[in-house]
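Colleague: I'd like to ask you about the structure that follows.
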Amino acid sequence: MEVKVPDIGDFKDVPVVTVLVSVGDEVKEEDALLELESDKATMEVPSPAAGKVVEIKVSEGDKVSEGSVIMVLEGADAGASDADGKDGGSDKGSTEAPASDAPKSVAATGTASGQGDIHAEVVVLGSGPGGYTAAFRAADLGKKVVLIERYPSLGGVCLNVGCIPSKALLHVAKVITEAEEMKAHGVTFGKPEFNLDEIRAFKDDVVGKLTGGLEGLAKGRKVTTVQGLGKFTGPNMIEVTGDEGTKTVSFDQCIIAAGSEPVDLPFIPHDDPRVIDSTGALELADIPGRMLVLGGGIIGLEMACVYDALGSKITVVELMDQIIPGADKDIVKPLMTRIKDRYENIFLKTKVTAVEAQDDGLKVTFEDDKGESFSDTFDKVLVAVGRKPNGKLIDAEKAGVAVDDRGFIAVDRQMKTGVGHIFAIGDVVGQPMLAHKAVHEGKVAAEVASGEKRFFDAKLIPSVAYTDPEVAWCGLTETEAKKQGVKYEKGVFPWAASGRALSLGRSEGMTKLLFDPEDDRVIGACIVGVNAGDLIAEAALAIEMGADATDLGHTIHPHPTLSETVNFSAEMFEGTITDLMPPKKKKH
């Protein structure tokens, strides 16, 4: 039986990090076969059936997508995998799919039943952006809601130790670097002085305002909040262990929004305080002289921006041949050019094989794509190789909810698990692990739980790296289009011709739109440059609404702005642009 990559969300061309089996190995169903690394998470590909590995068709560093053949099993039941190589439990297709393709359940092992200390019509496990959205929406629809959160404050990882505090520190970094670069334009500032206590206080104040606001919204909606780590003890019961002891919460329906946590690597001494993950990086305990960022994805590069601005000498190591592997190479090139000039080293196609704690620092051993090894010593190592879902931490099997070996929970398009009254959303249901995806899934789950007919049917989920410059993309990338054999044409507008970009002294950016040559509709967009994360929203709306190049080209954008680069890219495609020489005469 050929084993294929199952549904991994919207990601394509995902690199193989590790092949976990060898030819001749006997594997069981759900045994991990290999590890893949997206820009935000490391995921394992499980075996769809038991059998013997007779051929391995991929190697470390190869890129794969959903449906790619990765190995061949002998003695496996071919019926265990459908034609697309998807495990039935991980299919996120329509709820009108055959029953065999729906999310599966397991026999509930939990025996707790009856009325808990608190009872909810809907309980939401996890108060990140997806969780609190689900809780508040369900309350607005008339449900009695209980919201469980392990942190002392609402907001989950995103608000407390993720998206929000990182953006506060990135703002600090942006001000520092902009002040430095104004020297080239005739304005010189003195060398900045850093008060880490006050920088941390600024970051914490931003977090506090948002988490405090959530508490007010919860009270206004009469949502009961329970602090502590929640775990299922039965099909309708969760036990919550917190600072004030243990409470039980019984429920009619449940929405799992348990999120994810950073991936640990076995060869790294994670108990050494000089080894940090993204949470540790955000604590900003000090400014290390030399810091290694292990992983050239979004999380690692964002933190690299912060520490570089504060004075650390940064080295980045990435297994693949480019930073931010999920984006097109031409889009990440301006970022790569900028950070190469600022950082101490950027090692591509290189892996870390060992980290040894020594008195004078952390000795790191590298191995490049030629098999040659070399070492260096750093004051701190930031491990940013991805995140893993928390499905295994909540004892979901006790409620009958199936959790795969990677920790993911399969759901259908209504966010239902294999247990009819239990839903799941966010990082725990699969890629991409992004807060804005979880928010929309949370609304769908809450509305379905309240009796409304809703489906999660987004055409795209935008991705943004809040680096300097920012990198953003949505819909189909050029790399994906080529790999899938999708015909496309493109319009590219270089920001060197943008008056607004030039006035900012940041002309390295670019806006690229992909179009279907049959009807000129927008099918993809990539932007690199200042505020790219804000600009990508227009392209996302264009794709969702089925807009074509003329729609964008004829929409009057304010001038001079960066937003008009979207307009100009459409005109570049049509051949109607007047701000540059058009590449061709497509239309008159």
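To be explicit about the labels: the chains of the structure tokens are called A, B, and onward in the order shown, and within each one the residues are counted from 1, while ligands get numbers from 1 in the order they are shown.
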Set the distance at 8 Å and use only C-alpha atoms: which residues neighbour Asn531 (chain A) once local chain neighbours fewer than 4 positions away are removed? I'd like the list as a VMD selection string.
Modeller: chain A and resid 469 to 470 535
Colleague: Could those residues be written to a file, using N, CA, C and O atoms, as a PDB file, in the first residue's frame?
Modeller:
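Here's the written file selection26.pdb:
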```pdb
ATOM      1  N   PRO A 469      11.399  43.780   6.896  1.00  0.00           N
ATOM      2  CA  PRO A 469      10.020  44.084   6.547  1.00  0.00           C
ATOM      3  C   PRO A 469       9.072  42.913   6.820  1.00  0.00           C
ATOM      4  O   PRO A 469       9.507  41.773   6.955  1.00  0.00           O
ATOM      5  N   GLU A 470       7.777  43.246   6.902  1.00  0.00           N
ATOM      6  CA  GLU A 470       6.778  42.206   7.096  1.00  0.00           C
ATOM      7  C   GLU A 470       6.596  41.397   5.810  1.00  0.00           C
ATOM      8  O   GLU A 470       6.812  41.900   4.704  1.00  0.00           O
ATOM      9  N   LEU A 535      -1.902  45.237   4.700  1.00  0.00           N
ATOM     10  CA  LEU A 535      -2.257  45.353   3.285  1.00  0.00           C
ATOM     11  C   LEU A 535      -2.862  44.075   2.714  1.00  0.00           C
ATOM     12  O   LEU A 535      -3.660  44.123   1.786  1.00  0.00           O
TER      13      LEU A 535
END
```
Colleague: Within 10 Å of Gly505 (chain A), counting only C-alpha atoms, which residues qualify if same-chain residues fewer than 4 places away don't, as a list of chain:residue names?
Modeller: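 Listing them by chain and then by number gives A:Glu178, A:Glu181, A:Met182, A:Ala184, A:His185, A:Ala496, A:Gly499, A:Arg500, A:Ala501.
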Colleague: Which residues are near Gly371 (chain A)? Cut-off 12 Å, only C-alpha atoms, ignore same chain within fewer than 3 positions. Put them as an mmCIF file with all heavy atoms, in the first residue's frame.
Modeller:
```
data_model
loop_
_atom_site.group_PDB
_atom_site.id
_atom_site.type_symbol
_atom_site.label_atom_id
_atom_site.label_comp_id
_atom_site.auth_asym_id
_atom_site.auth_seq_id
_atom_site.Cartn_x
_atom_site.Cartn_y
_atom_site.Cartn_z
ATOM 1 N N LYS A 349 19.984 25.366 5.014
ATOM 2 C CA LYS A 349 20.275 23.957 4.725
ATOM 3 C C LYS A 349 21.246 23.383 5.763
ATOM 4 O O LYS A 349 22.167 22.645 5.449
ATOM 5 C CB LYS A 349 20.835 23.800 3.304
ATOM 6 C CG LYS A 349 19.851 24.194 2.224
ATOM 7 C CD LYS A 349 20.303 23.804 0.833
ATOM 8 C CE LYS A 349 21.420 24.689 0.348
ATOM 9 N NZ LYS A 349 21.787 24.426 -1.063
ATOM 10 N N THR A 350 21.000 23.763 7.007
ATOM 11 C CA THR A 350 21.872 23.370 8.116
ATOM 12 C C THR A 350 21.021 22.945 9.300
ATOM 13 O O THR A 350 19.972 23.543 9.560
ATOM 14 C CB THR A 350 22.777 24.550 8.544
ATOM 15 O OG1 THR A 350 23.518 24.994 7.406
ATOM 16 C CG2 THR A 350 23.731 24.149 9.648
ATOM 17 N N LYS A 351 21.471 21.904 9.998
ATOM 18 C CA LYS A 351 20.730 21.459 11.183
ATOM 19 C C LYS A 351 21.645 21.481 12.401
ATOM 20 O O LYS A 351 22.867 21.432 12.295
ATOM 21 C CB LYS A 351 20.153 20.071 10.976
ATOM 22 C CG LYS A 351 21.158 18.971 10.697
ATOM 23 C CD LYS A 351 20.432 17.642 10.423
ATOM 24 C CE LYS A 351 21.414 16.534 10.070
ATOM 25 N NZ LYS A 351 20.712 15.258 9.784
ATOM 26 N N VAL A 352 21.002 21.568 13.564
ATOM 27 C CA VAL A 352 21.720 21.496 14.830
ATOM 28 C C VAL A 352 21.696 20.043 15.290
ATOM 29 O O VAL A 352 20.637 19.422 15.361
ATOM 30 C CB VAL A 352 21.081 22.411 15.888
ATOM 31 C CG1 VAL A 352 21.707 22.183 17.253
ATOM 32 C CG2 VAL A 352 21.225 23.866 15.477
ATOM 33 N N THR A 353 22.858 19.495 15.602
ATOM 34 C CA THR A 353 22.933 18.094 16.012
ATOM 35 C C THR A 353 23.182 17.918 17.504
ATOM 36 O O THR A 353 22.940 16.853 18.057
ATOM 37 C CB THR A 353 24.050 17.365 15.233
ATOM 38 O OG1 THR A 353 25.295 18.042 15.454
ATOM 39 C CG2 THR A 353 23.728 17.349 13.744
ATOM 40 N N PHE A 366 26.705 22.200 14.562
ATOM 41 C CA PHE A 366 25.906 22.287 13.342
ATOM 42 C C PHE A 366 26.384 21.265 12.325
ATOM 43 O O PHE A 366 27.529 20.825 12.361
ATOM 44 C CB PHE A 366 26.019 23.684 12.712
ATOM 45 C CG PHE A 366 25.648 24.826 13.606
ATOM 46 C CD1 PHE A 366 26.598 25.429 14.431
ATOM 47 C CD2 PHE A 366 24.361 25.324 13.614
ATOM 48 C CE1 PHE A 366 26.267 26.503 15.243
ATOM 49 C CE2 PHE A 366 24.013 26.398 14.422
ATOM 50 C CZ PHE A 366 24.970 26.987 15.241
ATOM 51 N N GLU A 367 25.483 20.920 11.405
ATOM 52 C CA GLU A 367 25.867 20.070 10.272
ATOM 53 C C GLU A 367 25.203 20.623 9.023
ATOM 54 O O GLU A 367 23.978 20.777 8.973
ATOM 55 C CB GLU A 367 25.428 18.618 10.497
ATOM 56 C CG GLU A 367 25.848 17.670 9.380
ATOM 57 C CD GLU A 367 25.386 16.245 9.605
ATOM 58 O OE1 GLU A 367 25.649 15.715 10.708
ATOM 59 O OE2 GLU A 367 24.757 15.679 8.692
ATOM 60 N N ASP A 368 26.012 20.968 7.990
ATOM 61 C CA ASP A 368 25.449 21.547 6.778
ATOM 62 C C ASP A 368 25.000 20.463 5.809
ATOM 63 O O ASP A 368 25.108 19.257 6.105
ATOM 64 C CB ASP A 368 26.427 22.518 6.122
ATOM 65 C CG ASP A 368 27.720 21.844 5.664
ATOM 66 O OD1 ASP A 368 27.721 20.608 5.487
ATOM 67 O OD2 ASP A 368 28.722 22.556 5.479
ATOM 68 N N PHE A 374 30.473 21.866 12.298
ATOM 69 C CA PHE A 374 31.213 22.967 12.902
ATOM 70 C C PHE A 374 30.476 23.384 14.168
ATOM 71 O O PHE A 374 29.306 23.051 14.364
ATOM 72 C CB PHE A 374 31.359 24.144 11.937
ATOM 73 C CG PHE A 374 30.058 24.705 11.430
ATOM 74 C CD1 PHE A 374 29.481 25.828 12.010
ATOM 75 C CD2 PHE A 374 29.410 24.118 10.343
ATOM 76 C CE1 PHE A 374 28.297 26.349 11.543
ATOM 77 C CE2 PHE A 374 28.204 24.632 9.858
ATOM 78 C CZ PHE A 374 27.650 25.746 10.463
#
```
Colleague: Measuring atom to atom with only C-alpha atoms, identify which of A:Phe267, A:Phe568, A:Phe573, A:Phe202 is nearest to Pro494 (chain A).
Modeller: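 Using only C-alpha atoms, the shortest distance to Pro494 (chain A) belongs to A:Phe568.
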Colleague: Within 8 Å of Thr211 (chain A), counting only C-alpha atoms, which residues show up once you throw out same-chain ones fewer than 2 positions away? Write them as a ChimeraX atom specification, please.
Modeller: /A:153-155,159-160,207-209,213-215
Colleague: Write out as a VMD selection string the residues lying within 7 Å of Lys28 (chain A), counting only C-alpha atoms and excluding same-chain residues fewer than 3 positions away.
Modeller: chain A and resid 31 49 to 51
Colleague: So which residues touch region 429-441 of chain A within 9 Å, counting only C-alpha atoms, skipping near sequence neighbours fewer than 6 positions away, as a VMD selection string?
Modeller: chain A and resid 7 to 11 38 40 to 41 90 128 to 134 158 163 257 259 to 260 387 389 391 407 to 411 414 to 415 455 to 456 458 461 to 463
Colleague: Pick the closest to Gly442 (chain A) from A:Lys416, A:Lys231, A:Lys459, A:His270: which is it, counting only C-alpha atoms?
Modeller: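 Once distances to Gly442 (chain A) are computed over only C-alpha atoms, the minimum belongs to A:Lys416.
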Colleague: Have a look at A:Arg506, A:Val58, A:Val14, A:Phe493 and name the one nearest to Pro582 (chain A); count only C-alpha atoms.
Modeller: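 Counting only C-alpha atoms, the residue closest to Pro582 (chain A) is A:Phe493.
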Colleague: Counting only C-alpha atoms, which of A:Gly524, A:Asp369, A:Asp427, A:Leu310 gets nearest to Leu541 (chain A)?
Modeller: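 Once distances to Leu541 (chain A) are computed over only C-alpha atoms, the minimum belongs to A:Gly524.
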Colleague: CA of Ile394 (chain A) and CA of Thr225 (chain A), how far apart in Å?
Modeller: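 That distance, rounded to one decimal, is 17.7 Å.
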Colleague: Counting only C-alpha atoms, which residue out of A:Ala449, A:Ala549, A:Ile527, A:Val401 sits closest to Leu141 (chain A)?
Modeller: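 Of A:Ala449, A:Ala549, A:Ile527, A:Val401, the one nearest Leu141 (chain A), counting only C-alpha atoms, is A:Ala449.
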Colleague: Counting only C-alpha atoms, figure out which residue out of A:Met71, A:Leu476, A:Val355, A:Ala179 gets nearest to Met1 (chain A).
Modeller: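 Checking each candidate against Met1 (chain A), we get A:Met71 as the closest.
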Colleague: In Å, how far is it from CA of Ala258 (chain A) to CA of Val428 (chain A)?
Modeller: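 One can read the CA of Ala258 (chain A) to CA of Val428 (chain A) distance as 6.4 Å.
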Colleague: Using DSSP on the backbone coordinates, identify all residues within region 105-246 of chain A classified as alpha helix (DSSP H); present the result as JSON, numbers by chain.
Modeller: {"A": [129, 130, 131, 132, 133, 134, 135, 136, 137, 138, 139, 140, 156, 157, 158, 159, 160, 161, 163, 164, 165, 166, 167, 168, 169, 170, 171, 172, 173, 174, 175, 176, 177, 178, 179, 180, 181, 196, 197, 198, 199, 200, 201, 202, 203, 204, 205, 206, 207, 208, 209, 210, 211, 212, 213, 214, 215, 216, 217, 218, 219, 220]}
Colleague: Residues within 12 Å of region 318-323 of chain A, please, as JSON, numbers by chain. Count only C-alpha atoms; anything in the same chain fewer than 4 positions from it doesn't count.
Modeller: {"A": [13, 14, 15, 16, 17, 18, 36, 37, 38, 39, 60, 61, 62, 63, 292, 293, 294, 295, 296, 297, 298, 299, 300, 301, 302, 327, 328, 329, 330, 331, 332, 333, 334, 335, 336, 337, 339, 340, 345, 346, 347, 348, 349, 350, 351, 352, 353, 366, 367, 368, 369, 383, 384, 385, 465, 467, 471]}
Colleague: Using backbone DSSP assignments, extract all strand (DSSP E) residues from region 135-202 of chain A; output them as a PDB file with N, CA, C and O atoms, in the first residue's frame.
Modeller:
```pdb
ATOM      1  N   VAL A 145     -22.917  29.682  29.690  1.00  0.00           N
ATOM      2  CA  VAL A 145     -21.568  29.311  29.259  1.00  0.00           C
ATOM      3  C   VAL A 145     -20.591  29.354  30.422  1.00  0.00           C
ATOM      4  O   VAL A 145     -20.614  30.272  31.248  1.00  0.00           O
ATOM      5  N   VAL A 146     -19.703  28.353  30.452  1.00  0.00           N
ATOM      6  CA  VAL A 146     -18.573  28.338  31.373  1.00  0.00           C
ATOM      7  C   VAL A 146     -17.301  28.317  30.531  1.00  0.00           C
ATOM      8  O   VAL A 146     -17.178  27.524  29.590  1.00  0.00           O
ATOM      9  N   LEU A 147     -16.354  29.199  30.866  1.00  0.00           N
ATOM     10  CA  LEU A 147     -15.092  29.313  30.140  1.00  0.00           C
ATOM     11  C   LEU A 147     -13.948  28.923  31.075  1.00  0.00           C
ATOM     12  O   LEU A 147     -13.757  29.517  32.127  1.00  0.00           O
ATOM     13  N   ILE A 148     -13.195  27.889  30.681  1.00  0.00           N
ATOM     14  CA  ILE A 148     -12.091  27.372  31.504  1.00  0.00           C
ATOM     15  C   ILE A 148     -10.764  27.817  30.916  1.00  0.00           C
ATOM     16  O   ILE A 148     -10.522  27.662  29.715  1.00  0.00           O
ATOM     17  N   GLU A 149      -9.883  28.380  31.764  1.00  0.00           N
ATOM     18  CA  GLU A 149      -8.585  28.859  31.311  1.00  0.00           C
ATOM     19  C   GLU A 149      -7.509  28.497  32.332  1.00  0.00           C
ATOM     20  O   GLU A 149      -7.666  28.741  33.517  1.00  0.00           O
TER      21      GLU A 149
END
```
Colleague: Between CA of Cys526 (chain A) and CA of Gly475 (chain A), what is the spacing in Å?
Modeller: 8.8 Å
